[in-house]
Amino acid sequence: MSRPAMRVVSGIQPTGGLHLGNLLGAILRWVRMQEKTECLFFLADLHALTIDVEPGQLQSNVREMAAALIASGIDPAKSTLFAQSAVSQHAELAWLLQCTARVGWLNRMTQFKDKSGKNKEGASVGLYTYPVLQAADVLLYRATHVPVGEDQKQHIELARDIALKFDNDYDSELFIPPEPYIGGGTAARVMSLRDGKSKMSKSDPSEMTRIHLTDSDDEIAQKIRKAKTDPEPLPDDPAGLDARPEAKNLLGIMAALQDRSIEAVLGDYAGQGFGQFKPALAEALVAMIGPLRSRLEQLRADPAELDRILDSGAARARELAAPTLAEAYKVVGLTR
Ligand code: TRP
């Protein structure tokens with residue numbers, strides 16, 4: 001099988017909509033990458049079954065997230081965009097890889113420990129083997145690079161280990177051990193607007209901690225106005241933000257919006273307080289999110305068109321996935 005020079009694969013769980021953390025931390029990098037290389041992006045709806053989600057909600061979450069990705073700049077003419085469950089090879093390869101991955105490897109996965117909490121015995125097996133399905137997602141397409149956040153790096157390491165063990169055990173050269181991809185411009189780790197030490201998250205009970213793509217201009221301005229800060233003026237050196245997580249977060253957001261370094265942003269605001277900085281930040285956010293929100297509204301109005309986009313993405317993905325799965329079946333001895 002020919003080896004792609006560079007192929008990017010990444011997925012996101014369809015939790016409903018996108019928030020600023022997804023956008024600045026991941027999606028805008030995807031958008032920049034699609035200009036440079038072959039990219040496949042998918043809605044990880046099989047993974048979404050590991051969290052409690054209403055069956056009636058899943059399909060609309062997939063459409064909503066697909067619309068948000070397209071509104072944010074993922075161009076289905078450039079990138080292959082699809083729902084994971086529409087390409088059955090993901091689940092099939094995941095089974096073969098579960099027979100390669102070791103229990104000891106999965107026991108080291110910190111995300112499972114975090115998500116299962118105190119109730120390990122009561123957690124689903126799917127939550128436990130989640131990283132193996134994730135390995136299948138990328139190995140299936142022989143991805144060379146996987147753009148992910150810090151919290152997913154361990155899963156990409158696992159995918160590498162699985163790829164190497166599989167090819168070693170079966171004396172094959174089927175899989176490409178993927179690299180986590182760090183490039184693609186400024187990626188911000190966006191934190192909660194109320195607590196600079198915890199990540200901006202869909203699951204935080206307070207709406208004031210995050211900004212959604214669907215927030216109105218007024219809501220955005222209000223959330224920034226109320227964002228937690230401190231009374232000190234802004235320093236001229238990024239090191240001066242180290243003990244000020246909330247300040248650092250807001251500066252990081254501005255830097256990501258402008259695709260500049262925090263240092264460059266501090267060049268404009270050193271010595272000023274948040275009374276000056278916050279209105280500028282709100283304005284920059286409204287300027288970026290406003291147009292995305294209008295595009296999102298247009299896309300939502302035509303679910304049939306969204307389904308067509310996802311169907312054609314899935315057809316393309318299946319074409320790429322089928323030869324890898326066929327070869328994997330052959331290598332393990334399941335040739336028909
Ligand atoms: N686990 C990833 C997350 O929560 C989502 C995901 C599923 C993914 N499959 C993937 C990311 C494959 C990269 C590649 O963010």
# chains A, B, ... in the order shown; residues from 1 in each chain; ligands from 1
call {"tool": "residues_near_ligand", "arguments": {"ligand": "ligand 1", "cutoff": "9 Å", "atoms": "only C-alpha atoms and all ligand atoms", "output": "short mmCIF file (atom, residue, chain, number, x, y, z; two decimals) with N, CA and C atoms, in the first residue's frame"}}
result
data_model
loop_
_atom_site.label_atom_id
_atom_site.label_comp_id
_atom_site.auth_asym_id
_atom_site.auth_seq_id
_atom_site.Cartn_x
_atom_site.Cartn_y
_atom_site.Cartn_z
N VAL A 9 -5.65 13.37 10.23
CA VAL A 9 -6.97 12.89 10.64
C VAL A 9 -7.25 13.39 12.05
N SER A 10 -8.44 13.91 12.28
CA SER A 10 -8.81 14.25 13.64
C SER A 10 -10.32 14.18 13.81
N GLY A 11 -10.73 14.02 15.04
CA GLY A 11 -12.16 13.90 15.32
C GLY A 11 -12.56 14.75 16.51
N ILE A 12 -13.84 15.01 16.58
CA ILE A 12 -14.37 15.75 17.74
C ILE A 12 -15.71 15.13 18.11
N GLN A 13 -15.96 15.02 19.40
CA GLN A 13 -17.24 14.44 19.81
C GLN A 13 -18.37 15.42 19.54
N PHE A 41 -11.73 14.98 8.70
CA PHE A 41 -12.26 15.37 10.00
C PHE A 41 -13.61 14.69 10.19
N PHE A 42 -13.80 14.14 11.39
CA PHE A 42 -15.07 13.42 11.59
C PHE A 42 -15.70 13.75 12.94
N LEU A 43 -17.01 13.54 12.97
CA LEU A 43 -17.78 13.67 14.20
C LEU A 43 -17.75 12.31 14.87
N ALA A 44 -17.16 12.24 16.06
CA ALA A 44 -16.93 10.96 16.73
C ALA A 44 -18.20 10.53 17.46
N ASP A 45 -19.20 10.12 16.68
CA ASP A 45 -20.49 9.79 17.30
C ASP A 45 -20.48 8.41 17.98
N LEU A 46 -19.59 7.51 17.54
CA LEU A 46 -19.47 6.24 18.28
C LEU A 46 -18.86 6.51 19.66
N HIS A 47 -17.87 7.38 19.69
CA HIS A 47 -17.29 7.76 20.98
C HIS A 47 -18.32 8.44 21.88
N ALA A 48 -19.25 9.16 21.25
CA ALA A 48 -20.25 9.89 22.04
C ALA A 48 -21.15 8.93 22.82
N GLN A 84 -18.39 9.42 12.01
CA GLN A 84 -17.66 8.16 12.25
C GLN A 84 -18.55 6.94 12.05
N TYR A 130 -12.29 3.07 24.77
CA TYR A 130 -12.39 4.31 23.98
C TYR A 130 -11.10 4.61 23.22
N PRO A 131 -9.93 4.53 23.88
CA PRO A 131 -8.70 4.88 23.14
C PRO A 131 -8.36 3.90 22.01
N LEU A 133 -10.67 2.51 19.99
CA LEU A 133 -11.47 3.00 18.86
C LEU A 133 -10.79 4.24 18.26
N GLN A 134 -10.26 5.07 19.13
CA GLN A 134 -9.56 6.27 18.64
C GLN A 134 -8.33 5.88 17.80
N ALA A 135 -7.64 4.83 18.22
CA ALA A 135 -6.50 4.34 17.44
C ALA A 135 -6.98 3.86 16.07
N ALA A 136 -8.10 3.14 16.06
CA ALA A 136 -8.66 2.67 14.78
C ALA A 136 -8.99 3.86 13.88
N ASP A 137 -9.53 4.93 14.46
CA ASP A 137 -9.90 6.12 13.69
C ASP A 137 -8.73 6.65 12.87
N VAL A 138 -7.57 6.61 13.43
CA VAL A 138 -6.43 7.22 12.73
C VAL A 138 -5.65 6.18 11.92
N VAL A 146 -1.81 13.70 13.69
CA VAL A 146 -3.10 13.88 14.35
C VAL A 146 -3.06 15.12 15.23
N PRO A 147 -3.75 16.19 14.81
CA PRO A 147 -3.78 17.38 15.65
C PRO A 147 -4.68 17.13 16.85
N VAL A 148 -4.13 17.19 18.02
CA VAL A 148 -4.93 17.00 19.25
C VAL A 148 -4.39 17.92 20.34
N GLY A 149 -5.19 18.12 21.33
CA GLY A 149 -4.75 18.88 22.49
C GLY A 149 -3.90 18.00 23.40
N ASP A 151 -4.44 16.91 26.28
CA ASP A 151 -5.15 15.84 27.00
C ASP A 151 -5.33 14.58 26.15
N GLN A 152 -5.10 14.67 24.83
CA GLN A 152 -5.29 13.50 23.97
C GLN A 152 -3.97 12.88 23.53
N HIS A 155 -3.44 9.24 24.13
CA HIS A 155 -4.17 8.34 23.24
C HIS A 155 -3.44 8.16 21.91
N ILE A 156 -2.76 9.20 21.47
CA ILE A 156 -2.01 9.07 20.20
C ILE A 156 -0.76 8.20 20.42
#
call {"tool": "residues_around", "arguments": {"residues": "stretch 328-333 of chain A", "least_positions_apart": "5", "cutoff": "8 Å", "atoms": "only C-alpha atoms", "output": "ChimeraX atom specification"}}
result
/A:93,170,172,174
call {"tool": "closest_residue", "arguments": {"among": "A:Asp114, A:Asp75, A:Asp52, A:Glu179", "to": "A:Gln34", "atoms": "only C-alpha atoms"}}
result
A:Asp75
call {"tool": "atom_distance", "arguments": {"atom1": "atom CA of A:Pro238", "atom2": "atom CA of A:Leu266"}}
result
7.5 Å
call {"tool": "residues_around", "arguments": {"residues": "A:Thr229", "least_positions_apart": "6", "cutoff": "8 Å", "atoms": "only C-alpha atoms", "output": "PyMOL selection string"}}
result
chain A and resi 246-247+274
call {"tool": "closest_residue", "arguments": {"among": "A:Ser2, A:Arg210, A:Gly17, A:Leu24", "to": "A:Met254", "atoms": "only C-alpha atoms"}}
result
A:Leu24
call {"tool": "residues_around", "arguments": {"residues": "stretch 197-199 of chain A", "least_positions_apart": "6", "cutoff": "12 Å", "atoms": "only C-alpha atoms", "output": "PyMOL selection string"}}
result
chain A and resi 19-22+25+149-151+188-191+209-210+228+242-249
call {"tool": "write_last_selection", "arguments": {"atoms": "N, CA and C atoms", "output": "CSV table (one decimal), in the first residue's frame"}}
result
chain,number,residue,atom,x,y,z
A,19,HIS,N,-17.7,25.7,21.5
A,19,HIS,CA,-17.4,26.8,22.3
A,19,HIS,C,-16.0,27.4,21.9
A,20,LEU,N,-15.7,28.5,22.5
A,20,LEU,CA,-14.5,29.2,22.1
A,20,LEU,C,-13.2,28.4,22.3
A,21,GLY,N,-13.3,27.5,23.4
A,21,GLY,CA,-12.2,26.6,23.6
A,21,GLY,C,-11.9,25.6,22.5
A,22,ASN,N,-13.0,25.1,21.9
A,22,ASN,CA,-12.9,24.2,20.8
A,22,ASN,C,-12.3,24.9,19.6
A,25,GLY,N,-8.7,26.3,20.3
A,25,GLY,CA,-7.8,25.3,20.7
A,25,GLY,C,-7.6,24.3,19.6
A,149,GLY,N,-5.2,18.1,21.3
A,149,GLY,CA,-4.8,18.9,22.5
A,149,GLY,C,-3.9,18.0,23.4
A,150,GLU,N,-3.3,18.7,24.4
A,150,GLU,CA,-2.5,18.0,25.3
A,150,GLU,C,-3.1,16.8,26.0
A,151,ASP,N,-4.4,16.9,26.3
A,151,ASP,CA,-5.1,15.8,27.0
A,151,ASP,C,-5.3,14.6,26.2
A,188,ALA,N,-4.6,28.1,21.3
A,188,ALA,CA,-4.7,28.5,22.7
A,188,ALA,C,-5.4,27.4,23.5
A,189,ARG,N,-4.9,27.3,24.7
A,189,ARG,CA,-5.5,26.4,25.7
A,189,ARG,C,-6.4,27.4,26.4
A,190,VAL,N,-7.7,27.4,26.1
A,190,VAL,CA,-8.6,28.4,26.6
A,190,VAL,C,-9.2,27.8,27.9
A,191,MET,N,-9.2,28.7,28.9
A,191,MET,CA,-9.6,28.2,30.2
A,191,MET,C,-11.0,28.9,30.5
A,209,THR,N,-19.0,30.6,32.2
A,209,THR,CA,-17.6,30.2,32.1
A,209,THR,C,-17.1,30.0,30.6
A,210,ARG,N,-18.1,30.1,29.7
A,210,ARG,CA,-17.7,29.8,28.3
A,210,ARG,C,-18.5,30.7,27.3
A,228,LYS,N,-13.6,36.7,35.4
A,228,LYS,CA,-12.8,36.9,36.6
A,228,LYS,C,-11.4,37.5,36.2
A,242,ASP,N,2.4,34.7,35.0
A,242,ASP,CA,2.5,33.3,35.5
A,242,ASP,C,1.7,33.0,36.7
A,243,ALA,N,1.6,33.9,37.6
A,243,ALA,CA,0.8,33.7,38.8
A,243,ALA,C,-0.6,34.3,38.7
A,244,ARG,N,-1.0,34.6,37.5
A,244,ARG,CA,-2.3,35.3,37.3
A,244,ARG,C,-3.0,34.5,36.2
A,245,PRO,N,-3.6,33.3,36.5
A,245,PRO,CA,-4.1,32.5,35.5
A,245,PRO,C,-5.3,33.1,34.7
A,246,GLU,N,-6.1,33.9,35.4
A,246,GLU,CA,-7.3,34.5,34.7
A,246,GLU,C,-6.8,35.5,33.7
A,247,ALA,N,-5.8,36.3,34.1
A,247,ALA,CA,-5.3,37.4,33.2
A,247,ALA,C,-4.6,36.7,32.0
A,248,LYS,N,-3.9,35.6,32.3
A,248,LYS,CA,-3.1,34.9,31.3
A,248,LYS,C,-4.1,34.4,30.3
A,249,ASN,N,-5.2,33.9,30.8
A,249,ASN,CA,-6.2,33.3,29.9
A,249,ASN,C,-6.8,34.3,28.9
call {"tool": "closest_atom_pairs", "arguments": {"of": "stretch 8-81 of chain A", "to": "stretch 297-317 of chain A", "cutoff": "10 Å", "atoms": "only C-alpha atoms", "output": "Markdown table"}}
result
| residue | atom | partner | partner_atom | distance |
| --- | --- | --- | --- | --- |
| A:Leu40 | CA | A:Ala317 | CA | 7.9 |
| A:Phe41 | CA | A:Gly313 | CA | 9.2 |
| A:Phe42 | CA | A:Gly313 | CA | 9.0 |
| A:Leu43 | CA | A:Leu310 | CA | 9.7 |
| A:Ser60 | CA | A:Pro303 | CA | 9.4 |
| A:Val62 | CA | A:Leu310 | CA | 9.7 |
| A:Arg63 | CA | A:Leu306 | CA | 6.8 |
| A:Glu64 | CA | A:Arg300 | CA | 7.3 |
| A:Ala66 | CA | A:Leu306 | CA | 7.5 |
| A:Ala67 | CA | A:Leu299 | CA | 5.9 |
| A:Ala68 | CA | A:Leu299 | CA | 8.5 |
| A:Ile70 | CA | A:Leu299 | CA | 8.3 |
| A:Ala71 | CA | A:Leu299 | CA | 7.6 |
| A:Pro76 | CA | A:Ile309 | CA | 7.0 |
| A:Ala77 | CA | A:Ile309 | CA | 9.2 |
| A:Ser79 | CA | A:Gly313 | CA | 8.4 |
| A:Thr80 | CA | A:Gly313 | CA | 5.0 |
| A:Leu81 | CA | A:Gly313 | CA | 5.0 |
call {"tool": "write_last_selection", "arguments": {"atoms": "all heavy atoms", "output": "short mmCIF file (atom, residue, chain, number, x, y, z; two decimals), in the first residue's frame"}}
result
data_model
loop_
_atom_site.label_atom_id
_atom_site.label_comp_id
_atom_site.auth_asym_id
_atom_site.auth_seq_id
_atom_site.Cartn_x
_atom_site.Cartn_y
_atom_site.Cartn_z
N LEU A 40 -8.79 14.69 6.91
CA LEU A 40 -10.08 14.07 7.17
C LEU A 40 -10.51 14.48 8.58
O LEU A 40 -9.74 14.32 9.53
CB LEU A 40 -9.99 12.54 7.11
CG LEU A 40 -9.71 11.93 5.74
CD1 LEU A 40 -8.23 11.62 5.59
CD2 LEU A 40 -10.53 10.65 5.56
N PHE A 41 -11.73 14.98 8.70
CA PHE A 41 -12.26 15.37 10.00
C PHE A 41 -13.61 14.69 10.19
O PHE A 41 -14.43 14.66 9.28
CB PHE A 41 -12.43 16.89 10.07
CG PHE A 41 -11.14 17.65 9.89
CD1 PHE A 41 -10.99 18.56 8.85
CD2 PHE A 41 -10.06 17.45 10.75
CE1 PHE A 41 -9.80 19.25 8.67
CE2 PHE A 41 -8.86 18.14 10.58
CZ PHE A 41 -8.73 19.04 9.54
N PHE A 42 -13.80 14.14 11.39
CA PHE A 42 -15.07 13.42 11.59
C PHE A 42 -15.70 13.75 12.94
O PHE A 42 -15.04 14.18 13.88
CB PHE A 42 -14.87 11.91 11.45
CG PHE A 42 -13.92 11.33 12.46
CD1 PHE A 42 -14.40 10.85 13.67
CD2 PHE A 42 -12.56 11.31 12.24
CE1 PHE A 42 -13.55 10.35 14.63
CE2 PHE A 42 -11.68 10.81 13.19
CZ PHE A 42 -12.18 10.33 14.37
N LEU A 43 -17.01 13.54 12.97
CA LEU A 43 -17.78 13.67 14.20
C LEU A 43 -17.75 12.31 14.87
O LEU A 43 -18.24 11.32 14.30
CB LEU A 43 -19.22 14.05 13.89
CG LEU A 43 -19.50 15.42 13.26
CD1 LEU A 43 -18.72 16.51 13.96
CD2 LEU A 43 -19.24 15.48 11.78
N SER A 60 -29.09 14.98 15.83
CA SER A 60 -29.10 16.44 15.72
C SER A 60 -27.80 17.03 16.26
O SER A 60 -27.32 18.05 15.75
CB SER A 60 -30.33 17.03 16.41
OG SER A 60 -30.31 16.73 17.78
N VAL A 62 -24.91 15.64 15.81
CA VAL A 62 -23.96 15.46 14.70
C VAL A 62 -24.14 16.56 13.67
O VAL A 62 -23.18 17.20 13.24
CB VAL A 62 -24.14 14.07 14.04
CG1 VAL A 62 -23.39 13.98 12.71
CG2 VAL A 62 -23.65 12.96 14.98
N ARG A 63 -25.39 16.82 13.30
CA ARG A 63 -25.64 17.88 12.31
C ARG A 63 -25.21 19.24 12.84
O ARG A 63 -24.62 20.04 12.13
CB ARG A 63 -27.13 17.96 11.98
CG ARG A 63 -27.58 16.91 11.03
CD ARG A 63 -28.87 17.36 10.34
NE ARG A 63 -29.52 16.20 9.75
CZ ARG A 63 -30.57 15.58 10.30
NH1 ARG A 63 -31.10 16.01 11.41
NH2 ARG A 63 -31.08 14.52 9.70
N GLU A 64 -25.53 19.49 14.11
CA GLU A 64 -25.21 20.79 14.70
C GLU A 64 -23.69 21.01 14.70
O GLU A 64 -23.18 22.08 14.38
CB GLU A 64 -25.78 20.87 16.11
CG GLU A 64 -25.48 22.15 16.87
CD GLU A 64 -26.14 23.40 16.27
OE1 GLU A 64 -27.15 23.27 15.55
OE2 GLU A 64 -25.61 24.51 16.51
N ALA A 66 -21.47 19.47 12.78
CA ALA A 66 -21.00 19.58 11.39
C ALA A 66 -21.22 21.00 10.89
O ALA A 66 -20.33 21.61 10.27
CB ALA A 66 -21.72 18.57 10.50
N ALA A 67 -22.39 21.55 11.17
CA ALA A 67 -22.69 22.92 10.74
C ALA A 67 -21.72 23.90 11.38
O ALA A 67 -21.20 24.82 10.73
CB ALA A 67 -24.13 23.29 11.09
N ALA A 68 -21.42 23.69 12.67
CA ALA A 68 -20.50 24.59 13.37
C ALA A 68 -19.10 24.51 12.76
O ALA A 68 -18.40 25.52 12.64
CB ALA A 68 -20.47 24.25 14.86
N ILE A 70 -18.33 23.70 9.64
CA ILE A 70 -18.34 24.34 8.32
C ILE A 70 -18.40 25.87 8.49
O ILE A 70 -17.68 26.61 7.83
CB ILE A 70 -19.51 23.81 7.45
CG1 ILE A 70 -19.33 22.31 7.21
CG2 ILE A 70 -19.58 24.55 6.12
CD1 ILE A 70 -20.56 21.62 6.61
N ALA A 71 -19.25 26.32 9.42
CA ALA A 71 -19.33 27.77 9.67
C ALA A 71 -17.99 28.33 10.11
O ALA A 71 -17.64 29.47 9.81
CB ALA A 71 -20.39 28.05 10.74
N PRO A 76 -15.88 21.53 3.04
CA PRO A 76 -16.07 20.13 2.62
C PRO A 76 -15.51 19.85 1.23
O PRO A 76 -15.34 18.69 0.87
CB PRO A 76 -17.59 19.94 2.63
CG PRO A 76 -18.16 21.13 3.30
CD PRO A 76 -17.17 22.23 3.27
N ALA A 77 -15.23 20.91 0.46
CA ALA A 77 -14.61 20.68 -0.85
C ALA A 77 -13.12 20.40 -0.69
O ALA A 77 -12.49 19.82 -1.57
CB ALA A 77 -14.83 21.90 -1.75
N SER A 79 -11.67 19.36 2.67
CA SER A 79 -11.48 18.34 3.70
C SER A 79 -12.58 17.29 3.56
O SER A 79 -13.69 17.61 3.15
CB SER A 79 -11.59 18.95 5.09
OG SER A 79 -10.60 19.91 5.29
N THR A 80 -12.27 16.08 3.96
CA THR A 80 -13.29 15.03 4.01
C THR A 80 -13.96 15.11 5.38
O THR A 80 -13.30 14.89 6.40
CB THR A 80 -12.63 13.66 3.79
OG1 THR A 80 -11.95 13.69 2.53
CG2 THR A 80 -13.66 12.55 3.76
N LEU A 81 -15.23 15.45 5.40
CA LEU A 81 -15.96 15.66 6.65
C LEU A 81 -17.09 14.64 6.74
O LEU A 81 -17.90 14.52 5.83
CB LEU A 81 -16.53 17.09 6.67
CG LEU A 81 -17.36 17.49 7.89
CD1 LEU A 81 -16.48 17.56 9.14
CD2 LEU A 81 -18.04 18.84 7.66
#
call {"tool": "closest_residue", "arguments": {"among": "A:Met109, A:Met200, A:Ala91, A:Leu58", "to": "A:Gln154", "atoms": "only C-alpha atoms"}}
result
A:Met109
call {"tool": "residues_around", "arguments": {"residues": "A:Leu140", "least_positions_apart": "4", "cutoff": "7 Å", "atoms": "only C-alpha atoms", "output": "ChimeraX atom specification"}}
result
/A:136,321,324-325
call {"tool": "write_last_selection", "arguments": {"atoms": "all heavy atoms", "output": "compact mmCIF listing (two decimals), in the first residue's frame"}}
result
# COMPACT_ATOMS: atom_id res chain seq x y z
N ALA A 136 -8.10 3.14 16.06
CA ALA A 136 -8.66 2.67 14.78
C ALA A 136 -8.99 3.86 13.88
O ALA A 136 -8.73 3.82 12.68
CB ALA A 136 -9.91 1.83 15.03
N ALA A 321 -10.81 3.85 3.58
CA ALA A 321 -10.76 2.92 4.71
C ALA A 321 -10.80 1.46 4.26
O ALA A 321 -10.16 0.59 4.86
CB ALA A 321 -11.93 3.19 5.66
N THR A 324 -7.50 -0.62 3.74
CA THR A 324 -6.76 -0.86 4.99
C THR A 324 -7.42 -1.97 5.79
O THR A 324 -6.76 -2.87 6.31
CB THR A 324 -6.70 0.41 5.88
OG1 THR A 324 -6.51 1.55 5.07
CG2 THR A 324 -5.60 0.30 6.91
N LEU A 325 -8.75 -1.91 5.90
CA LEU A 325 -9.44 -2.94 6.68
C LEU A 325 -9.29 -4.31 6.00
O LEU A 325 -9.03 -5.31 6.67
CB LEU A 325 -10.92 -2.59 6.86
CG LEU A 325 -11.63 -3.60 7.77
CD1 LEU A 325 -11.18 -3.45 9.22
CD2 LEU A 325 -13.15 -3.51 7.67
call {"tool": "residues_around", "arguments": {"residues": "A:Asp259", "least_positions_apart": "3", "cutoff": "12 Å", "atoms": "only C-alpha atoms", "output": "ChimeraX atom specification"}}
result
/A:24,28-29,32,184-188,251-256,262-265,284
call {"tool": "write_last_selection", "arguments": {"atoms": "N, CA and C atoms", "output": "PDB file, in the first residue's frame"}}
result
ATOM      1  N   LEU A  24     -10.682  27.957  19.273  1.00  0.00           N
ATOM      2  CA  LEU A  24      -9.299  28.462  19.280  1.00  0.00           C
ATOM      3  C   LEU A  24      -8.291  27.354  19.550  1.00  0.00           C
ATOM      4  N   LEU A  28      -9.702  26.068  14.542  1.00  0.00           N
ATOM      5  CA  LEU A  28      -9.035  27.022  13.637  1.00  0.00           C
ATOM      6  C   LEU A  28      -7.709  26.465  13.125  1.00  0.00           C
ATOM      7  N   ARG A  29      -7.097  25.577  13.899  1.00  0.00           N
ATOM      8  CA  ARG A  29      -5.888  24.901  13.382  1.00  0.00           C
ATOM      9  C   ARG A  29      -6.259  23.935  12.264  1.00  0.00           C
ATOM     10  N   ARG A  32      -6.680  25.894   9.157  1.00  0.00           N
ATOM     11  CA  ARG A  32      -5.410  26.282   8.519  1.00  0.00           C
ATOM     12  C   ARG A  32      -4.742  25.075   7.865  1.00  0.00           C
ATOM     13  N   GLY A 184       0.603  24.344  12.954  1.00  0.00           N
ATOM     14  CA  GLY A 184      -0.685  24.859  12.481  1.00  0.00           C
ATOM     15  C   GLY A 184      -1.055  26.183  13.108  1.00  0.00           C
ATOM     16  N   GLY A 185      -0.065  26.917  13.573  1.00  0.00           N
ATOM     17  CA  GLY A 185      -0.342  28.259  14.098  1.00  0.00           C
ATOM     18  C   GLY A 185      -0.688  28.239  15.576  1.00  0.00           C
ATOM     19  N   THR A 186      -0.992  29.408  16.082  1.00  0.00           N
ATOM     20  CA  THR A 186      -1.276  29.561  17.511  1.00  0.00           C
ATOM     21  C   THR A 186      -2.467  28.717  17.932  1.00  0.00           C
ATOM     22  N   ALA A 187      -2.272  27.861  18.900  1.00  0.00           N
ATOM     23  CA  ALA A 187      -3.394  27.133  19.478  1.00  0.00           C
ATOM     24  C   ALA A 187      -3.483  27.554  20.930  1.00  0.00           C
ATOM     25  N   ALA A 188      -4.623  28.064  21.308  1.00  0.00           N
ATOM     26  CA  ALA A 188      -4.743  28.517  22.683  1.00  0.00           C
ATOM     27  C   ALA A 188      -5.354  27.409  23.524  1.00  0.00           C
ATOM     28  N   LEU A 251      -5.452  37.143  27.966  1.00  0.00           N
ATOM     29  CA  LEU A 251      -4.398  37.544  27.020  1.00  0.00           C
ATOM     30  C   LEU A 251      -4.180  36.468  25.961  1.00  0.00           C
ATOM     31  N   GLY A 252      -4.261  35.209  26.400  1.00  0.00           N
ATOM     32  CA  GLY A 252      -4.088  34.088  25.464  1.00  0.00           C
ATOM     33  C   GLY A 252      -5.201  34.064  24.415  1.00  0.00           C
ATOM     34  N   ILE A 253      -6.411  34.390  24.849  1.00  0.00           N
ATOM     35  CA  ILE A 253      -7.537  34.432  23.908  1.00  0.00           C
ATOM     36  C   ILE A 253      -7.291  35.535  22.865  1.00  0.00           C
ATOM     37  N   MET A 254      -6.882  36.694  23.341  1.00  0.00           N
ATOM     38  CA  MET A 254      -6.611  37.799  22.414  1.00  0.00           C
ATOM     39  C   MET A 254      -5.497  37.409  21.442  1.00  0.00           C
ATOM     40  N   ALA A 255      -4.460  36.791  21.957  1.00  0.00           N
ATOM     41  CA  ALA A 255      -3.334  36.400  21.108  1.00  0.00           C
ATOM     42  C   ALA A 255      -3.802  35.423  20.024  1.00  0.00           C
ATOM     43  N   ALA A 256      -4.642  34.460  20.419  1.00  0.00           N
ATOM     44  CA  ALA A 256      -5.118  33.471  19.440  1.00  0.00           C
ATOM     45  C   ALA A 256      -6.009  34.141  18.392  1.00  0.00           C
ATOM     46  N   ILE A 262       1.507  36.231  22.930  1.00  0.00           N
ATOM     47  CA  ILE A 262       1.050  36.995  24.102  1.00  0.00           C
ATOM     48  C   ILE A 262       1.962  38.208  24.297  1.00  0.00           C
ATOM     49  N   GLU A 263       3.237  37.996  24.041  1.00  0.00           N
ATOM     50  CA  GLU A 263       4.200  39.090  24.172  1.00  0.00           C
ATOM     51  C   GLU A 263       3.812  40.284  23.284  1.00  0.00           C
ATOM     52  N   ALA A 264       3.436  39.991  22.059  1.00  0.00           N
ATOM     53  CA  ALA A 264       3.050  41.056  21.123  1.00  0.00           C
ATOM     54  C   ALA A 264       1.799  41.776  21.624  1.00  0.00           C
ATOM     55  N   VAL A 265       0.841  41.005  22.158  1.00  0.00           N
ATOM     56  CA  VAL A 265      -0.383  41.634  22.668  1.00  0.00           C
ATOM     57  C   VAL A 265      -0.047  42.524  23.871  1.00  0.00           C
ATOM     58  N   ALA A 284     -12.979  42.236  19.725  1.00  0.00           N
ATOM     59  CA  ALA A 284     -12.282  41.277  18.858  1.00  0.00           C
ATOM     60  C   ALA A 284     -13.064  39.964  18.761  1.00  0.00           C
TER      61      ALA A 284
END
call {"tool": "atom_distance", "arguments": {"atom1": "atom CA of A:Ala159", "atom2": "atom CA of A:Phe112"}}
result
15.5 Å
call {"tool": "closest_residue", "arguments": {"among": "A:Tyr141, A:Thr110, A:Gly56, A:Asn119", "to": "A:Pro323", "atoms": "only C-alpha atoms"}}
result
A:Tyr141
call {"tool": "select_by_dssp", "arguments": {"residues": "stretch 56-259 of chain A", "states": "strand (DSSP E or B)", "output": "NGL selection string"}}
result
:A and (80-83 or 145-147 or 179-181 or 191 or 199 or 212)
call {"tool": "closest_residue", "arguments": {"among": "A:Lys120, A:Lys113, A:Lys165, A:His145", "to": "A:Cys39", "atoms": "only C-alpha atoms"}}
result
A:His145
call {"tool": "atom_distance", "arguments": {"atom1": "atom CA of A:Asp215", "atom2": "atom CA of A:Phe82"}}
result
25.6 Å
call {"tool": "select_by_dssp", "arguments": {"residues": "stretch 223-301 of chain A", "states": "alpha helix (DSSP H)", "output": "PyMOL selection string"}}
result
chain A and resi 223-226+245-258+262-269+274-300
call {"tool": "closest_residue", "arguments": {"among": "A:Thr144, A:Leu23, A:Met208, A:Ala163", "to": "A:Leu257", "atoms": "only C-alpha atoms"}}
result
A:Leu23
call {"tool": "decode", "arguments": {"residues": "stretch 269-287 of chain A", "atoms": "C-alpha atoms", "output": "mmCIF file, in the first residue's frame"}}
result
data_model
loop_
_atom_site.group_PDB
_atom_site.id
_atom_site.type_symbol
_atom_site.label_atom_id
_atom_site.label_comp_id
_atom_site.auth_asym_id
_atom_site.auth_seq_id
_atom_site.Cartn_x
_atom_site.Cartn_y
_atom_site.Cartn_z
ATOM 1 C CA TYR A 269 -1.626 46.835 26.653
ATOM 2 C CA ALA A 270 1.252 46.871 29.175
ATOM 3 C CA GLY A 271 0.478 49.192 32.058
ATOM 4 C CA GLN A 272 -3.248 49.251 31.334
ATOM 5 C CA GLY A 273 -5.912 47.594 33.478
ATOM 6 C CA PHE A 274 -8.745 45.259 32.525
ATOM 7 C CA GLY A 275 -11.061 48.271 32.261
ATOM 8 C CA GLN A 276 -9.267 49.001 28.996
ATOM 9 C CA PHE A 277 -8.381 45.499 27.915
ATOM 10 C CA LYS A 278 -11.770 43.815 28.326
ATOM 11 C CA PRO A 279 -13.725 46.047 25.913
ATOM 12 C CA ALA A 280 -11.022 45.512 23.283
ATOM 13 C CA LEU A 281 -11.187 41.764 23.806
ATOM 14 C CA ALA A 282 -14.991 41.747 23.603
ATOM 15 C CA GLU A 283 -14.812 43.685 20.358
ATOM 16 C CA ALA A 284 -12.282 41.277 18.858
ATOM 17 C CA LEU A 285 -14.434 38.306 19.871
ATOM 18 C CA VAL A 286 -17.602 39.791 18.426
ATOM 19 C CA ALA A 287 -15.746 40.546 15.178
#
